[in-house]
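This is coords_28.tsv (TSV, C-alpha atoms).
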```
chain	number	residue	atom	x	y	z
A	1	MET	CA	21.62	18.59	50.63
A	2	TYR	CA	18.45	16.54	50.42
A	3	GLY	CA	15.06	18.12	49.80
A	4	THR	CA	12.10	17.86	52.16
A	5	VAL	CA	8.63	16.29	52.05
A	6	THR	CA	5.32	17.94	52.92
A	7	GLU	CA	2.24	15.72	53.06
A	8	TYR	CA	-1.28	16.76	52.09
A	9	MET	CA	-4.54	14.90	51.59
A	10	GLY	CA	-5.10	14.03	47.94
A	11	THR	CA	-8.88	13.78	48.04
A	12	ALA	CA	-11.50	14.44	50.71
A	13	TYR	CA	-14.95	13.03	51.43
A	14	THR	CA	-17.22	15.94	52.29
A	15	GLY	CA	-20.79	17.18	52.53
A	16	HIS	CA	-20.41	18.33	48.91
A	17	GLY	CA	-19.16	15.00	47.61
A	18	VAL	CA	-15.62	13.90	46.79
A	19	ALA	CA	-13.35	16.97	46.70
A	20	HIS	CA	-9.83	17.54	45.39
A	21	LYS	CA	-7.60	20.37	44.21
A	22	TYR	CA	-5.85	18.54	41.38
A	23	GLU	CA	-7.13	20.84	38.63
A	24	GLU	CA	-5.33	23.79	40.24
A	25	LEU	CA	-2.20	21.67	40.68
A	26	ILE	CA	-2.23	20.50	37.05
A	27	ALA	CA	-2.72	24.09	35.89
A	28	ALA	CA	0.27	25.24	37.97
A	29	ALA	CA	2.58	22.41	36.88
A	30	THR	CA	5.12	22.87	34.09
A	31	ASP	CA	4.75	19.16	33.26
A	32	THR	CA	2.21	16.56	34.42
A	33	VAL	CA	2.60	12.81	34.08
A	34	PHE	CA	-0.75	11.01	34.20
A	35	LEU	CA	-0.37	7.42	35.43
A	36	LYS	CA	-3.32	5.39	34.15
A	37	CYS	CA	-4.21	2.14	35.93
A	38	PRO	CA	-7.01	0.20	37.65
A	39	PRO	CA	-7.33	0.36	41.47
A	40	THR	CA	-3.90	-0.61	42.82
A	41	ASN	CA	-1.45	0.06	45.64
A	42	ALA	CA	1.53	-0.61	43.37
A	43	ILE	CA	1.57	2.90	41.87
A	44	SER	CA	2.08	4.33	45.35
A	45	ASN	CA	5.49	2.65	45.48
A	46	VAL	CA	6.39	4.10	42.09
A	47	LEU	CA	5.38	7.58	43.20
A	48	ASN	CA	7.36	7.24	46.44
A	49	GLU	CA	10.46	6.13	44.53
A	50	THR	CA	10.01	9.03	42.13
A	51	GLY	CA	9.70	11.45	45.03
A	52	THR	CA	12.83	10.03	46.67
A	53	HIS	CA	14.71	10.40	43.37
A	54	TYR	CA	14.04	14.14	43.37
A	55	ILE	CA	14.58	14.58	47.12
A	56	LYS	CA	18.08	13.14	46.74
A	57	ARG	CA	18.71	15.74	44.05
A	58	GLY	CA	17.82	18.51	46.50
A	59	PHE	CA	14.25	19.25	45.42
A	60	HIS	CA	11.39	19.76	47.88
A	61	ILE	CA	8.27	17.74	47.15
A	62	ASP	CA	4.59	17.71	48.10
A	63	LYS	CA	3.04	14.27	48.55
A	64	PHE	CA	-0.71	13.77	48.27
A	65	MET	CA	-1.99	10.91	50.38
A	66	ASN	CA	-5.02	8.64	50.04
A	67	PRO	CA	-7.78	9.16	52.65
A	68	VAL	CA	-8.75	5.47	52.60
A	69	GLN	CA	-5.17	4.32	53.24
A	70	HIS	CA	-3.13	7.16	54.75
A	71	GLU	CA	0.18	5.53	53.87
A	72	ILE	CA	-0.68	5.32	50.15
A	73	THR	CA	0.60	8.10	47.87
A	74	ASP	CA	-1.71	9.27	45.06
A	75	ALA	CA	0.45	12.09	43.64
A	76	VAL	CA	3.84	13.79	43.95
A	77	PHE	CA	4.57	17.42	43.05
A	78	VAL	CA	8.23	18.38	42.61
A	79	LYS	CA	8.83	22.02	43.50
A	80	GLY	CA	11.26	24.02	41.41
A	81	PRO	CA	10.80	22.23	38.09
A	82	ASP	CA	7.09	22.03	39.07
A	83	ILE	CA	6.52	18.49	37.83
A	84	LEU	CA	3.39	16.60	38.88
A	85	PHE	CA	3.19	12.80	38.86
A	86	ILE	CA	-0.36	11.63	39.55
A	87	GLN	CA	-2.36	8.41	39.66
A	88	ALA	CA	-5.04	9.64	37.29
A	89	SER	CA	-7.57	6.81	37.09
A	90	HIS	CA	-8.32	5.98	40.70
A	91	PRO	CA	-9.54	7.36	43.07
A	92	ILE	CA	-10.05	10.42	40.79
A	93	ALA	CA	-10.31	10.09	37.02
A	94	LEU	CA	-8.30	12.88	35.37
A	95	GLU	CA	-7.61	13.32	31.67
A	96	PRO	CA	-4.70	15.11	29.99
A	97	ALA	CA	-5.63	18.19	27.96
A	98	ASP	CA	-2.21	18.98	26.47
A	99	ILE	CA	-0.88	15.75	24.97
A	100	GLY	CA	2.38	16.40	23.14
A	101	GLY	CA	2.93	19.47	25.29
A	102	ARG	CA	2.82	19.78	29.08
A	103	HIS	CA	0.98	16.48	29.61
A	104	ARG	CA	2.27	12.92	29.26
A	105	VAL	CA	0.52	9.60	29.88
A	106	ILE	CA	1.95	6.30	31.06
A	107	SER	CA	-0.48	3.37	31.02
A	108	PHE	CA	-0.06	0.53	33.50
A	109	TYR	CA	-3.05	-1.46	32.24
A	110	ASP	CA	-0.82	-3.90	30.39
A	111	MET	CA	1.05	-4.97	33.53
A	112	TYR	CA	-1.71	-7.43	34.53
A	113	ASP	CA	-2.01	-11.14	33.87
A	114	GLU	CA	-5.41	-11.26	32.16
A	115	GLU	CA	-5.94	-14.94	33.01
A	116	LYS	CA	-5.50	-14.30	36.72
A	117	LEU	CA	-7.89	-11.35	36.56
A	118	ARG	CA	-10.54	-13.44	34.84
A	119	GLU	CA	-10.25	-16.02	37.61
A	120	GLN	CA	-10.91	-13.28	40.18
A	121	ASN	CA	-13.45	-11.33	38.13
A	122	GLU	CA	-16.55	-12.29	40.13
A	123	PHE	CA	-14.90	-11.30	43.42
A	124	ILE	CA	-13.58	-8.01	41.98
A	125	VAL	CA	-17.00	-7.03	40.61
A	126	GLU	CA	-18.65	-7.89	43.93
A	127	LYS	CA	-16.20	-5.75	45.90
A	128	LEU	CA	-16.44	-2.86	43.43
A	129	ASN	CA	-20.23	-2.88	43.88
A	130	GLU	CA	-19.80	-2.91	47.66
A	131	SER	CA	-17.36	-0.03	47.38
A	132	GLU	CA	-19.72	2.05	45.24
A	133	THR	CA	-22.70	1.43	47.53
A	134	SER	CA	-20.75	2.26	50.70
A	135	LEU	CA	-19.34	5.44	49.17
A	136	LYS	CA	-22.82	6.63	48.19
A	137	LYS	CA	-24.03	6.04	51.75
A	138	THR	CA	-20.98	7.86	53.14
A	139	LEU	CA	-21.54	10.92	50.98
A	140	GLN	CA	-25.27	10.95	51.73
A	141	ALA	CA	-24.59	10.89	55.48
A	142	LEU	CA	-22.03	13.69	55.09
A	143	GLU	CA	-24.48	15.78	53.08
A	144	GLU	CA	-27.04	15.38	55.87
A	145	ALA	CA	-24.40	16.17	58.49
A	146	LYS	CA	-23.49	19.35	56.58
A	147	ALA	CA	-27.16	20.46	56.61
A	148	ILE	CA	-27.34	19.88	60.37
A	149	HIS	CA	-24.06	21.75	60.88
A	150	ASP	CA	-25.49	24.69	58.92
A	151	GLU	CA	-28.32	24.87	61.48
A	152	TRP	CA	-25.74	24.90	64.27
A	153	GLU	CA	-23.85	27.74	62.59
A	154	ALA	CA	-27.04	29.76	62.06
A	155	VAL	CA	-27.76	29.80	65.80
A	156	ASN	CA	-24.27	31.06	66.64
A	157	ILE	CA	-24.20	33.61	63.82
A	158	GLY	CA	-27.14	35.30	65.48
A	159	ARG	CA	-25.33	35.72	68.80
A	160	MET	CA	-21.89	36.76	67.56
A	161	ILE	CA	-20.55	40.22	68.41
A	162	TRP	CA	-19.42	40.95	64.86
A	163	GLU	CA	-17.97	44.35	65.72
A	164	LEU	CA	-15.31	42.61	67.82
A	165	HIS	CA	-14.66	40.17	65.01
A	166	GLU	CA	-14.10	43.00	62.51
A	167	LYS	CA	-11.76	44.78	64.92
A	168	LEU	CA	-9.73	41.58	65.35
A	169	ILE	CA	-9.33	41.24	61.57
A	170	GLU	CA	-8.12	44.82	61.23
A	171	SER	CA	-5.75	44.35	64.16
A	172	LEU	CA	-4.29	41.22	62.58
A	173	LYS	CA	-3.79	42.95	59.24
A	174	GLU	CA	-1.93	45.79	60.93
A	175	GLU	CA	0.21	43.46	63.04
A	176	LEU	CA	1.13	41.05	60.26
A	177	PHE	CA	1.67	43.46	57.38
A	178	GLY	CA	2.00	47.00	58.73
A	179	PHE	CA	2.87	49.18	55.73
A	180	THR	CA	4.70	46.39	53.90
A	181	LYS	CA	3.86	45.77	50.25
A	182	LEU	CA	6.04	43.48	48.14
A	183	ASN	CA	6.98	44.47	44.62
A	184	LYS	CA	5.57	41.33	43.01
A	185	ASP	CA	2.34	39.48	42.38
A	186	ALA	CA	1.23	36.92	44.95
A	187	THR	CA	1.39	33.22	44.14
A	188	VAL	CA	-1.74	31.50	45.45
A	189	SER	CA	-1.92	27.76	46.12
A	190	HIS	CA	-4.77	25.51	47.25
A	191	ARG	CA	-4.34	22.25	49.15
A	192	LEU	CA	-6.54	19.74	50.95
A	193	ILE	CA	-5.27	19.28	54.48
A	194	GLY	CA	-7.59	16.54	55.73
A	195	SER	CA	-10.67	14.38	55.30
A	196	LEU	CA	-13.04	12.00	56.98
A	197	THR	CA	-11.49	8.53	56.87
A	198	SER	CA	-12.42	5.05	58.03
A	199	SER	CA	-10.75	5.84	61.38
A	200	GLY	CA	-12.41	9.24	61.74
A	201	ALA	CA	-11.09	12.68	60.85
A	202	CYS	CA	-7.47	12.78	59.68
A	203	ASP	CA	-5.31	15.76	58.73
A	204	PHE	CA	-1.72	16.57	57.80
A	205	ILE	CA	-1.45	19.88	59.66
A	206	PRO	CA	1.75	18.87	61.55
A	207	SER	CA	3.52	18.15	58.24
A	208	ILE	CA	2.17	21.28	56.53
A	209	THR	CA	3.16	23.64	59.36
A	210	LYS	CA	6.37	21.95	60.57
A	211	ASP	CA	8.76	24.64	59.31
A	212	LEU	CA	6.75	27.70	60.37
A	213	GLU	CA	7.91	29.96	63.18
A	214	ARG	CA	4.41	31.01	64.23
A	215	ARG	CA	0.99	29.34	64.25
A	216	LEU	CA	-2.18	31.17	65.26
A	217	LEU	CA	-4.61	28.51	66.51
A	218	ILE	CA	-8.15	29.80	66.07
A	219	LYS	CA	-10.66	28.61	68.66
A	220	GLY	CA	-14.30	29.28	67.94
A	221	LEU	CA	-17.75	27.73	67.80
A	222	PRO	CA	-19.43	26.77	64.50
A	223	GLY	CA	-20.54	29.90	62.66
A	224	THR	CA	-18.31	32.33	64.54
A	225	GLY	CA	-16.28	33.50	61.54
A	226	LYS	CA	-13.14	31.36	61.55
A	227	SER	CA	-13.13	30.95	57.76
A	228	THR	CA	-14.16	34.58	57.28
A	229	LEU	CA	-11.19	35.75	59.34
A	230	MET	CA	-8.73	33.54	57.45
A	231	ARG	CA	-10.10	34.60	54.07
A	232	ALA	CA	-9.72	38.26	55.04
A	233	VAL	CA	-6.09	37.80	56.14
A	234	GLY	CA	-5.34	35.77	53.01
A	235	ALA	CA	-6.90	38.39	50.76
A	236	GLU	CA	-4.84	41.13	52.44
A	237	ALA	CA	-1.67	39.10	51.97
A	238	GLU	CA	-2.46	38.58	48.28
A	239	LYS	CA	-3.14	42.30	47.81
A	240	ARG	CA	0.29	43.12	49.29
A	241	GLY	CA	2.13	40.60	47.10
A	242	PHE	CA	2.70	37.85	49.68
A	243	ASP	CA	2.38	34.24	48.56
A	244	VAL	CA	-0.58	32.46	50.16
A	245	LEU	CA	-1.50	28.81	50.62
A	246	TYR	CA	-5.14	28.09	51.45
A	247	GLY	CA	-5.91	24.80	53.18
A	248	TRP	CA	-9.31	23.12	52.87
A	249	CYS	CA	-10.61	20.28	54.98
A	250	GLY	CA	-13.42	18.23	56.37
A	251	LEU	CA	-17.13	18.61	56.01
A	252	ASP	CA	-17.23	21.75	53.86
A	253	PRO	CA	-14.60	22.08	51.09
A	254	THR	CA	-15.76	25.65	50.43
A	255	GLY	CA	-14.67	26.78	53.90
A	256	VAL	CA	-11.05	27.74	54.64
A	257	ASP	CA	-9.39	25.80	57.46
A	258	LEU	CA	-5.83	27.09	57.11
A	259	VAL	CA	-4.07	30.10	55.63
A	260	GLN	CA	-0.30	30.00	55.33
A	261	ILE	CA	1.93	32.95	54.43
A	262	PRO	CA	5.38	31.40	53.85
A	263	GLU	CA	7.26	34.69	53.51
A	264	LEU	CA	6.16	35.61	57.02
A	265	SER	CA	6.65	32.03	58.27
A	266	ILE	CA	3.14	32.12	59.76
A	267	CYS	CA	-0.19	30.37	59.41
A	268	LEU	CA	-3.66	30.74	60.84
A	269	LEU	CA	-5.61	27.52	61.28
A	270	ASP	CA	-8.96	26.35	62.56
A	271	ALA	CA	-7.84	24.46	65.66
A	272	THR	CA	-11.26	23.14	66.67
A	273	LYS	CA	-12.80	19.72	66.02
A	274	PRO	CA	-12.48	17.72	63.86
A	275	HIS	CA	-8.85	18.93	63.75
A	276	ALA	CA	-8.40	20.18	67.31
A	277	TYR	CA	-4.96	21.52	68.20
A	278	ASP	CA	-3.60	23.27	71.28
A	279	PRO	CA	-0.28	25.10	71.69
A	280	GLU	CA	2.47	22.48	71.63
A	281	ARG	CA	5.58	24.30	70.49
A	282	GLU	CA	7.24	27.71	70.58
A	283	GLY	CA	5.43	30.20	68.36
A	284	ASP	CA	1.96	28.73	68.93
A	285	GLU	CA	-0.72	31.20	70.02
A	286	ILE	CA	-4.44	30.90	70.70
A	287	LEU	CA	-6.71	33.25	68.76
A	288	ASP	CA	-9.94	33.14	70.74
A	289	LEU	CA	-13.27	33.82	69.03
A	290	VAL	CA	-15.35	32.04	71.68
A	291	HIS	CA	-15.63	35.13	73.86
A	292	MET	CA	-17.19	37.02	70.92
A	293	CYS	CA	-20.22	34.74	71.06
A	294	LYS	CA	-22.78	36.04	73.57
A	295	GLU	CA	-23.97	33.70	76.29
A	296	ASP	CA	-27.54	32.78	75.50
A	297	LYS	CA	-29.31	30.01	77.42
A	298	GLU	CA	-32.06	29.70	74.82
A	299	ALA	CA	-29.51	29.37	72.03
A	300	GLU	CA	-27.59	26.72	73.99
A	301	GLU	CA	-30.80	24.72	74.43
A	302	ARG	CA	-31.44	24.90	70.67
A	303	ILE	CA	-27.89	23.81	69.91
A	304	LEU	CA	-27.87	20.73	72.15
A	305	PRO	CA	-30.11	18.48	70.01
A	306	ILE	CA	-28.48	19.84	66.86
A	307	SER	CA	-25.01	18.88	68.09
A	308	VAL	CA	-26.20	15.40	69.08
A	309	ALA	CA	-27.79	14.83	65.65
A	310	TYR	CA	-24.61	16.05	63.96
A	311	LYS	CA	-22.36	13.69	65.90
A	312	GLU	CA	-24.68	10.76	65.10
A	313	LYS	CA	-24.52	11.55	61.37
A	314	ILE	CA	-20.73	11.75	61.47
A	315	LEU	CA	-20.64	8.36	63.21
A	316	ASP	CA	-22.90	6.97	60.46
A	317	ALA	CA	-20.60	8.38	57.79
A	318	THR	CA	-17.52	6.93	59.52
A	319	GLY	CA	-19.15	3.50	59.64
A	320	TYR	CA	-19.95	3.60	55.94
A	321	MET	CA	-16.38	4.78	55.28
A	322	GLN	CA	-15.10	1.68	57.05
A	323	SER	CA	-17.12	-0.53	54.71
A	324	PHE	CA	-15.92	1.49	51.73
A	325	SER	CA	-12.31	1.18	52.89
A	326	GLN	CA	-12.51	-2.60	53.37
A	327	ALA	CA	-13.99	-3.11	49.89
A	328	GLU	CA	-11.39	-0.82	48.29
A	329	LYS	CA	-8.52	-2.64	49.99
A	330	SER	CA	-9.88	-6.02	48.84
A	331	VAL	CA	-10.12	-4.85	45.23
A	332	LYS	CA	-6.60	-3.41	45.24
A	333	ALA	CA	-5.05	-6.49	46.87
A	334	THR	CA	-6.73	-8.77	44.32
A	335	MET	CA	-5.66	-6.61	41.38
A	336	ASP	CA	-2.11	-6.40	42.70
A	337	SER	CA	-1.88	-10.21	42.94
A	338	ALA	CA	-2.20	-10.33	39.14
A	339	ILE	CA	0.62	-7.87	38.35
A	340	LYS	CA	3.39	-9.11	36.08
A	341	GLY	CA	6.49	-8.01	37.96
A	342	SER	CA	8.83	-7.64	34.99
A	343	VAL	CA	6.40	-5.36	33.11
A	344	PHE	CA	5.73	-3.26	36.20
A	345	GLU	CA	9.42	-2.80	37.00
A	346	LYS	CA	10.18	-1.75	33.41
A	347	LYS	CA	7.46	0.91	33.46
A	348	ALA	CA	8.52	2.11	36.92
A	349	GLY	CA	12.10	2.49	35.68
A	350	ASP	CA	10.94	4.40	32.62
A	351	LEU	CA	9.12	6.87	34.86
A	352	LEU	CA	12.31	7.73	36.77
A	353	GLY	CA	14.05	8.61	33.53
A	354	ILE	CA	11.25	10.59	31.92
A	355	PHE	CA	12.84	13.99	32.69
```
Produce C-alpha cells that represent the structure in this file.
Amino acid sequence: MYGTVTEYMGTAYTGHGVAHKYEELIAAATDTVFLKCPPTNAISNVLNETGTHYIKRGFHIDKFMNPVQHEITDAVFVKGPDILFIQASHPIALEPADIGGRHRVISFYDMYDEEKLREQNEFIVEKLNESETSLKKTLQALEEAKAIHDEWEAVNIGRMIWELHEKLIESLKEELFGFTKLNKDATVSHRLIGSLTSSGACDFIPSITKDLERRLLIKGLPGTGKSTLMRAVGAEAEKRGFDVLYGWCGLDPTGVDLVQIPELSICLLDATKPHAYDPEREGDEILDLVHMCKEDKEAEERILPISVAYKEKILDATGYMQSFSQAEKSVKATMDSAIKGSVFEKKAGDLLGIF
C-alpha cells in the first residue's frame, strides 16, 4: 500500500519577518540531508522524486512548499524513519550541526556551467538586487499591517465577554477529553500552514485536515480569543498525553491558527480571513465567538478606518510580493539554464540511495 502526502507551507512572510519551523523539524528528525545550492527550481524535482520513492514503499510524507511558487517543494519529511530532506541554502540558509552523525550534506554547486553563469552574471545580480529590495518592502508593509491589526484587536478585546469565552474553553475540554488521560507523553509538532504570497493569502488547510473526522471552524473578530482558545485546548491535550500539532499562519507567526489532535481525529482552526472556511463536509462545525463580542457603535466607528488602513497595507505587501516573486523566478530560471544535466542526474540518483 502506498503512503500519503500532506502539504504544508515551508516558509511564511509575516509581520515579524520571514518565519519557518525548520529548526523544530531538524531537531525531531533522526537524519537530515541538507541540500546546498544556489536559487534553483531543479532541487524541487529531486525532492519530489525522493518523496515518491518513499511513498511507494508505504511511508507517509510531509511536503513543505514554497510560498513564492506554490508548486515548488522546499523540503520532504519521511514519517516513520523520520528523515528530512531539505533545500538548505535558499530560501532559508540552514547549517548542519551534527556532521558525521545525524546530519549529511550534498552540494549541488558543482552542477553549473561556470562559463554560462559568467555570461548571465550581470542579469543575475540585477535580479537578486530587485528580489532583495522587494522583499524588504514586503516585510516592512507586513510589519506596519501587523501594528494596525494590533489596534483592531485592542478595540475588540475591550468589548469581549470573557466569562463566556472561559466557559466555552472549559466546555470544550470536558467534551473532547472527559476523564481520559493517556499513559504516555504527548508528541508536539509545529507546522506553518500558510503565508502571504504574490497571489494573496494561501494555505494548505485542506491537505492538512483531509483525513480528520471532525473540524471545528472558529469564527471570530480580531482580538476575540481564537488563538487563546486553541492554545488552551492544545495545552489540555498535551497534559493528558495526546499528540498535538500546532499550525501557524499569516500575519503573526506567534499566534496559533490551527490545533490538531490526531488521536481524536479532530482539529480546531481559525476559519476567518485570510483563511476563511465554512462547513463543506460531514464533521464540520462552526464554533462562534462573534456573539461574545458586545455590540458597540462607538467601537465599530473606531474599527472602520483601522480595517481600511489594514486592507490597504496588505494590498501594498501583496504588490511588493509580486515584484519579489517575478525577480526570484527570473533568477532561478537563469541559474537552471546553466545546469549540467549529467552532473545533476548523478547527484539526484545518489540522493535516492543515501539510506
Please list as a ChimeraX atom specification every residue within 12 Å of Thr224 of chain A, counting only C-alpha atoms and excluding residues in the same chain fewer than 4 positions away.
/A:150,152-162,164-166,218-220,228-230,270,272,288-294
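Here atom CA of Leu47 of chain A stands at a distance of 11.3 Å from atom CA of Gly349 of chain A.
The residue that comes closest to Ala237 of chain A, out of A:Lys181, A:Lys311, A:Lys136, A:Lys210 and on the basis of all atoms listed in the file, is A:Lys181.
In this model, the gap between atom CA of Leu304 of chain A and atom CA of Ile286 of chain A comes to 25.6 Å.
Shortest atom-to-atom contact with Leu352 of chain A among A:Glu7, A:Asp98, A:Glu49, A:Asp203: A:Glu49, counting only C-alpha atoms.
Atom pair atom CA of Pro262 of chain A / atom CA of Asp82 of chain A: separated by 17.6 Å.
Using all atoms listed in the file, the nearest neighbour of Leu142 of chain A within the list A:Ser171, A:Thr14, A:Thr32, A:Asn121 is A:Thr14.
Nearest to Lys239 of chain A of all the residues A:Leu117, A:Val188, A:Ala141, A:Leu172 is A:Val188, counting all atoms listed in the file.
Compared by their closest atoms to Phe179 of chain A, and using all atoms listed in the file, the residues A:Arg240, A:Phe123, A:Ala12, A:Lys329 rank with A:Arg240 nearest.
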Can you list, as a ChimeraX atom specification, every protein, DNA or RNA residue that comes within 9 Å of Asp113 of chain A when you count all atoms listed in the file, leaving out same-chain residues fewer than 5 positions away?
/A:118,338-340
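Checking A:Ile169, A:Ala147, A:Leu25, A:Leu182 one by one against Leu264 of chain A, counting only C-alpha atoms, you find the shortest gap at A:Leu182.
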What are the centre and edge lengths in Å, to one decimal, of the axis-aligned box around all listed atoms of segment 121-131 of chain A with 4 Å added on each side, as lines of an AutoDock Vina configuration file?
```
center_x = -16.8
center_y = -6.2
center_z = 42.9
size_x = 14.8
size_y = 20.3
size_z = 17.5
```
Near-Arg281 of chain A list (10 Å; all atoms listed in the file; drop same-chain fewer than 4 positions) as a ChimeraX atom specification:
/A:213-215,285
Okay, now the selection with C-alpha atoms, as a compact mmCIF listing (two decimals), in the coordinates of the input?
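And here's result-v4.txt as it stands now:
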```
# COMPACT_ATOMS: atom_id res chain seq x y z
CA GLU A 213 7.91 29.96 63.18
CA ARG A 214 4.41 31.01 64.23
CA ARG A 215 0.99 29.34 64.25
CA GLU A 285 -0.72 31.20 70.02
```
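The residue set within 12 Å of Arg102 of chain A, counting all atoms listed in the file and dropping same-chain residues fewer than 4 places from it, reads Ile26, Ala27, Ala28, Ala29, Thr30, Asp31, Thr32, Val33, Phe34, Asp82, Ile83, Leu84, Pro96, Ala97 and Asp98 of chain A.
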Excluding His149 of chain A and residues on its chain fewer than 6 positions from it, collect all residues at most 9 Å away from it, counting only C-alpha atoms, and give them as a PyMOL selection string.
chain A and resi 222+306-307+310
Generate the coordinates of N, CA and C atoms for segment 220-238 of chain A; report them as an mmCIF file, in the coordinates of the input.
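Output file part.cif is given in full below:
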```cif
data_model
loop_
_atom_site.group_PDB
_atom_site.id
_atom_site.type_symbol
_atom_site.label_atom_id
_atom_site.label_comp_id
_atom_site.auth_asym_id
_atom_site.auth_seq_id
_atom_site.Cartn_x
_atom_site.Cartn_y
_atom_site.Cartn_z
ATOM 1 N N GLY A 220 -13.000 28.638 68.101
ATOM 2 C CA GLY A 220 -14.300 29.280 67.940
ATOM 3 C C GLY A 220 -15.385 28.245 67.722
ATOM 4 N N LEU A 221 -16.611 28.616 68.011
ATOM 5 C CA LEU A 221 -17.750 27.730 67.800
ATOM 6 C C LEU A 221 -18.162 27.738 66.331
ATOM 7 N N PRO A 222 -18.942 26.753 65.885
ATOM 8 C CA PRO A 222 -19.430 26.770 64.500
ATOM 9 C C PRO A 222 -20.171 28.066 64.189
ATOM 10 N N GLY A 223 -19.845 28.692 63.066
ATOM 11 C CA GLY A 223 -20.540 29.900 62.660
ATOM 12 C C GLY A 223 -19.989 31.189 63.239
ATOM 13 N N THR A 224 -18.833 31.118 63.892
ATOM 14 C CA THR A 224 -18.310 32.330 64.540
ATOM 15 C C THR A 224 -17.220 33.018 63.720
ATOM 16 N N GLY A 225 -17.120 32.700 62.428
ATOM 17 C CA GLY A 225 -16.280 33.500 61.540
ATOM 18 C C GLY A 225 -14.831 33.076 61.427
ATOM 19 N N LYS A 226 -14.527 31.814 61.682
ATOM 20 C CA LYS A 226 -13.140 31.360 61.550
ATOM 21 C C LYS A 226 -12.674 31.441 60.094
ATOM 22 N N SER A 227 -13.482 30.895 59.193
ATOM 23 C CA SER A 227 -13.130 30.950 57.760
ATOM 24 C C SER A 227 -13.118 32.381 57.249
ATOM 25 N N THR A 228 -14.077 33.184 57.709
ATOM 26 C CA THR A 228 -14.160 34.580 57.280
ATOM 27 C C THR A 228 -12.887 35.327 57.653
ATOM 28 N N LEU A 229 -12.407 35.096 58.869
ATOM 29 C CA LEU A 229 -11.190 35.750 59.340
ATOM 30 C C LEU A 229 -9.994 35.324 58.481
ATOM 31 N N MET A 230 -9.875 34.024 58.228
ATOM 32 C CA MET A 230 -8.730 33.540 57.450
ATOM 33 C C MET A 230 -8.777 34.031 56.008
ATOM 34 N N ARG A 231 -9.969 34.069 55.435
ATOM 35 C CA ARG A 231 -10.100 34.600 54.070
ATOM 36 C C ARG A 231 -9.660 36.064 54.012
ATOM 37 N N ALA A 232 -10.051 36.834 55.020
ATOM 38 C CA ALA A 232 -9.720 38.260 55.040
ATOM 39 C C ALA A 232 -8.209 38.471 55.139
ATOM 40 N N VAL A 233 -7.550 37.692 55.999
ATOM 41 C CA VAL A 233 -6.090 37.800 56.140
ATOM 42 C C VAL A 233 -5.407 37.348 54.854
ATOM 43 N N GLY A 234 -5.907 36.251 54.268
ATOM 44 C CA GLY A 234 -5.340 35.770 53.010
ATOM 45 C C GLY A 234 -5.482 36.778 51.892
ATOM 46 N N ALA A 235 -6.656 37.395 51.798
ATOM 47 C CA ALA A 235 -6.900 38.390 50.760
ATOM 48 C C ALA A 235 -5.976 39.597 50.922
ATOM 49 N N GLU A 236 -5.753 40.000 52.171
ATOM 50 C CA GLU A 236 -4.840 41.130 52.440
ATOM 51 C C GLU A 236 -3.416 40.779 52.036
ATOM 52 N N ALA A 237 -3.007 39.543 52.346
ATOM 53 C CA ALA A 237 -1.670 39.100 51.970
ATOM 54 C C ALA A 237 -1.505 39.102 50.451
ATOM 55 N N GLU A 238 -2.509 38.591 49.745
ATOM 56 C CA GLU A 238 -2.460 38.580 48.280
ATOM 57 C C GLU A 238 -2.332 40.001 47.731
#
```
